[in-house]
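Q: Once you've had a glance at the structure underneath, I'll fire off some questions.
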Amino acid sequence: MNQLSIPAYAKINLTLDVLGKRPDGYHEVEMIMQSIELHDQIILKERKEKGIKISCNHPLVPQDEGNLAYRAAELLIKEYGIEKGIEIKIIKNIPVAAGLAGGSTDAAGVLKGLNELWGLGISRDELMKFGARLGADIPFCILGGTAIARGIGTDLTPISPLPEMELVLVKPGIDISTKEIYSKYKPELVKRKPDLRKMQEAIECRDLEGVKRNLVNVLEDITLYYYPQVAETKKIMENLGTYPVLMSGSGPTLFAIIDSKREADEYAMKLKDRVMGQVIRTRTRSECL
Ligand SMILES: C[C@@](CO)(OP(=O)(O)O)[C@H](O)COP(=O)(O)OP(=O)(O)OC[C@H]1O[C@@H](n2ccc(N)nc2=O)[C@H](O)[C@@H]1O
Ligand SMILES: Nc1ncnc2c1ncn2[C@@H]1O[C@H](COP(=O)(O)OP(=O)(O)O)[C@@H](O)[C@H]1O
């Protein structure tokens with residue numbers, strides 16, 4: 001019986017701007033997205049019997065059709081009239097409801113994995129279109145690397161890879177829904193808008209100081225305003241080092257960018273004693289998949 005095991009990488013947002021609200025309630029965004037090494041592992045096993053079986057080792061992740069990875073498999077099975085069944089096992093390492101696209105990357109992994117397992121021959125662009133039907137972050141999770149995202153986040157332009165950078169992530173001990181933060185978005189709460197052109201230039205020139213200077217996410221102002229414990233965690237992170245700290249996506253995960261492995265290890269150790277929440281050591285991931 002055919003079987004496949006693939007990594008599904010998380011993302012961070014190096015810049016995130018909200019340009020407006022569309023009639024369907026979604027927001028027009030402009031952001032630079034970046035894959036990171038932190039990943040879930042997706043194990044796909046073909047079954048003789050029709051249907052989708054899904055399991056995950058994390059208690060907060062749905063183990064039924066509420067799982068985005070389930071919906072990804074269902075979409076391909078319907079579109080391609082597949083007669084076989086599939087068992088999906090997710091080994092969760094990415095914190096849940098964290099702003100790191102955990103569910104989206106699992107769905108992206110299933111789309112890529114089933115395309116390979118069943119030899120469907122779907123092009124990457126076509127796979128990204130299937131992904132966009134399920135969630136705004138999924139096309140980027142299929143593409144990977146470093147990319148500008150526009151529209152609702154699904155119009156992607158790959159840019160030159162960010163030089164590998166060390167990261168320390170802190171996921172404060174609360175879960176935040178993306179929908180809630182977008183619904184609370186108000187331009188009056190935004191303190192600083194990102195400069196996409198400057199960030200793109202810094203990435204292309206491999207100017208690490210420029211990258212650090214241009215880290216801006218307008219959703220951070222919303223989440224920090226409504227969730228003081230996230231603001232408090234950011235303060236602790238900033239006071240413990242000289243590294244820039246930014247929230248990823250709608251949060252609440254905060255990340256610090258650090259030059260050397262040794263400094264990042266030391267910083268992570270210090271944070272473990274001082275913050276309420278999960279501390280994760282990882283790095284950016286430069287190549288496109
Ligand atoms: C904020 C970001 C930044 O990368 O990431 P996360 O914090 O979720 O990781 C994304 O825009 C999140 O994308 P994703 O989480 O895939 O969104 P979806 O499942 O499509 O939508 C969830 C809900 O968020 C809102 N939404 C999402 C995307 C968008 N451009 N405008 C929106 O208003 C909608 O209310 C939607 O019902
Ligand atoms: N495979 C999955 N992994 C994680 N969460 C999932 C998955 N499928 C569905 N979900 C649901 O999606 C919600 C958002 O989780 P997640 O994708 O991790 O957040 P974010 O979009 O902030 O990165 C969770 O609360 C969970 O109920």
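Lettering and numbering for the structure tokens are positional, with chains as A, B, ... in the shown order, residues counted from 1 in each chain, and ligands counted from 1 in the shown order.
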Could you list the protein, DNA and RNA residues that have any atom within 6 Å of ligand 2, counting only C-alpha atoms and all ligand atoms, and write them as a PyMOL selection string?

A: chain A and resi 61-62+66-69+96-104+106+178

Q: Generate the output file for the selected residues, C-alpha atoms, as a PDB file, in the first residue's frame.

A:
ATOM      1  CA  VAL A  61      -6.881  19.981  16.597  1.00  0.00           C
ATOM      2  CA  PRO A  62     -10.110  18.644  15.047  1.00  0.00           C
ATOM      3  CA  GLY A  66     -13.270  20.295  10.762  1.00  0.00           C
ATOM      4  CA  ASN A  67      -9.577  19.685  10.096  1.00  0.00           C
ATOM      5  CA  LEU A  68      -8.311  21.745   7.135  1.00  0.00           C
ATOM      6  CA  ALA A  69      -6.149  18.802   6.057  1.00  0.00           C
ATOM      7  CA  VAL A  96      -2.236  25.918  17.299  1.00  0.00           C
ATOM      8  CA  ALA A  97      -4.133  29.196  16.686  1.00  0.00           C
ATOM      9  CA  ALA A  98      -0.810  30.984  16.822  1.00  0.00           C
ATOM     10  CA  GLY A  99      -0.464  33.045  13.618  1.00  0.00           C
ATOM     11  CA  LEU A 100       1.972  30.494  12.158  1.00  0.00           C
ATOM     12  CA  ALA A 101      -0.415  28.916   9.589  1.00  0.00           C
ATOM     13  CA  GLY A 102      -0.400  25.503  11.275  1.00  0.00           C
ATOM     14  CA  GLY A 103      -3.699  24.315   9.803  1.00  0.00           C
ATOM     15  CA  SER A 104      -2.966  25.881   6.411  1.00  0.00           C
ATOM     16  CA  ASP A 106      -1.097  20.787   6.991  1.00  0.00           C
ATOM     17  CA  THR A 178      -7.655  35.149  12.893  1.00  0.00           C
TER      18      THR A 178
END

Q: Produce as a ChimeraX atom specification the set of residues near ligand 1, where near means within 7 Å with only C-alpha atoms and all ligand atoms considered.

A: /A:13,25-29,98-101,104,134-138,151-153,178-179,182-183,248-251

Q: May I have the selected residues written with N, CA and C atoms, as a tab-separated table (two decimals), in the first residue's frame?

A:
chain	number	residue	atom	x	y	z
A	13	ASN	N	5.18	36.36	9.17
A	13	ASN	CA	4.99	37.52	8.29
A	13	ASN	C	6.04	38.56	8.66
A	25	GLY	N	-16.34	40.83	3.20
A	25	GLY	CA	-15.88	40.78	4.59
A	25	GLY	C	-14.39	40.50	4.73
A	26	TYR	N	-13.78	39.95	3.69
A	26	TYR	CA	-12.33	39.69	3.73
A	26	TYR	C	-11.57	41.01	3.59
A	27	HIS	N	-10.34	41.05	4.04
A	27	HIS	CA	-9.51	42.25	3.96
A	27	HIS	C	-8.47	42.12	2.87
A	28	GLU	N	-8.24	43.24	2.17
A	28	GLU	CA	-7.15	43.31	1.18
A	28	GLU	C	-5.87	43.50	1.98
A	29	VAL	N	-4.89	42.65	1.72
A	29	VAL	CA	-3.64	42.76	2.49
A	29	VAL	C	-2.45	42.91	1.55
A	98	ALA	N	-2.00	30.25	16.40
A	98	ALA	CA	-0.81	30.98	16.82
A	98	ALA	C	-0.36	32.06	15.84
A	99	GLY	N	-0.94	32.10	14.64
A	99	GLY	CA	-0.46	33.05	13.62
A	99	GLY	C	0.68	32.48	12.79
A	100	LEU	N	0.85	31.15	12.86
A	100	LEU	CA	1.97	30.49	12.16
A	100	LEU	C	1.49	29.60	11.01
A	101	ALA	N	0.19	29.67	10.71
A	101	ALA	CA	-0.41	28.92	9.59
A	101	ALA	C	-0.33	27.40	9.77
A	104	SER	N	-3.16	25.64	7.86
A	104	SER	CA	-2.97	25.88	6.41
A	104	SER	C	-1.82	25.04	5.85
A	134	LEU	N	-9.75	26.84	0.06
A	134	LEU	CA	-9.88	26.38	1.45
A	134	LEU	C	-9.42	27.41	2.48
A	135	GLY	N	-8.50	28.29	2.11
A	135	GLY	CA	-7.99	29.27	3.09
A	135	GLY	C	-6.92	30.16	2.46
A	136	ALA	N	-6.88	31.42	2.96
A	136	ALA	CA	-6.03	32.44	2.33
A	136	ALA	C	-4.53	32.13	2.43
A	137	ASP	N	-4.11	31.47	3.51
A	137	ASP	CA	-2.67	31.22	3.70
A	137	ASP	C	-2.17	29.96	2.96
A	138	ILE	N	-3.09	29.14	2.45
A	138	ILE	CA	-2.67	27.84	1.90
A	138	ILE	C	-1.78	27.95	0.65
A	151	GLY	N	-3.92	40.84	-2.49
A	151	GLY	CA	-5.32	40.38	-2.55
A	151	GLY	C	-5.73	39.99	-1.14
A	152	ILE	N	-6.34	38.81	-0.99
A	152	ILE	CA	-6.64	38.36	0.38
A	152	ILE	C	-5.46	37.56	0.95
A	153	GLY	N	-4.37	37.55	0.20
A	153	GLY	CA	-3.16	36.83	0.64
A	153	GLY	C	-2.81	35.71	-0.32
A	178	THR	N	-7.95	34.19	13.97
A	178	THR	CA	-7.65	35.15	12.89
A	178	THR	C	-8.88	36.01	12.60
A	179	LYS	N	-10.03	35.35	12.53
A	179	LYS	CA	-11.29	36.05	12.20
A	179	LYS	C	-11.55	37.17	13.21
A	182	TYR	N	-9.11	40.21	12.60
A	182	TYR	CA	-9.51	41.00	11.42
A	182	TYR	C	-10.79	41.79	11.71
A	183	SER	N	-11.71	41.18	12.46
A	183	SER	CA	-12.98	41.88	12.71
A	183	SER	C	-12.77	43.07	13.64
A	248	SER	N	3.65	37.53	14.56
A	248	SER	CA	3.38	36.91	13.26
A	248	SER	C	1.87	36.86	13.00
A	249	GLY	N	1.46	37.26	11.80
A	249	GLY	CA	0.05	37.18	11.38
A	249	GLY	C	-0.87	37.87	12.36
A	250	SER	N	-1.94	37.17	12.74
A	250	SER	CA	-2.90	37.74	13.68
A	250	SER	C	-2.52	37.40	15.13
A	251	GLY	N	-1.40	36.70	15.28
A	251	GLY	CA	-0.85	36.41	16.59
A	251	GLY	C	-1.46	35.18	17.22

Q: Which one of A:Gln34, A:Asn93, A:Thr157, A:Asn239 sits closest to Arg281 in chain A if you count only C-alpha atoms?

A: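 Once distances to Arg281 in chain A are computed over only C-alpha atoms, the minimum belongs to A:Asn93.
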
Q: CA of Asn217 in chain A to CA of Ile236 in chain A: how many Å, to one decimal?

A: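 Between CA of Asn217 in chain A and CA of Ile236 in chain A the gap is 18.7 Å.
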
Q: If I take CA of Ala132 in chain A and CA of Ile222 in chain A, how far is one from the other in Å, to one decimal?

A: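 It comes out at 25.3 Å.
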
Q: If DSSP is run on the backbone, what residues of range 162-239 of chain A are strand (DSSP E or B)? A reply as an NGL selection string would be ideal.

A: :A and (166-172 or 216-217)

Q: Take the residues just selected and output them with C-alpha atoms as a tab-separated table (two decimals), in the first residue's frame.

A:
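Dumped to selection_27.tsv:
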chain	number	residue	atom	x	y	z
A	166	GLU	CA	18.04	32.52	13.63
A	167	LEU	CA	14.65	32.85	15.32
A	168	VAL	CA	13.23	32.57	18.81
A	169	LEU	CA	9.44	32.29	18.90
A	170	VAL	CA	7.24	32.82	21.93
A	171	LYS	CA	3.63	31.66	21.82
A	172	PRO	CA	1.90	33.33	24.81
A	216	VAL	CA	6.09	45.91	10.81
A	217	ASN	CA	2.70	44.18	11.20

Q: Can you list, as a PyMOL selection string, all residues belonging to range 8-160 of chain A that DSSP tags as alpha helix (DSSP H)?

A: chain A and resi 68-79+102-117+124-132+138-143

Q: Would you mind telling me which residue in A:Met31, A:Val18, A:Pro244, A:Glu204 lies nearest to Thr154 in chain A when using only C-alpha atoms?

A: A:Met31

Q: Would you compute the distance between CA of Ile174 in chain A and CA of Thr233 in chain A? Give it in Å to one decimal.

A: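 Those two atoms sit 11.6 Å apart.
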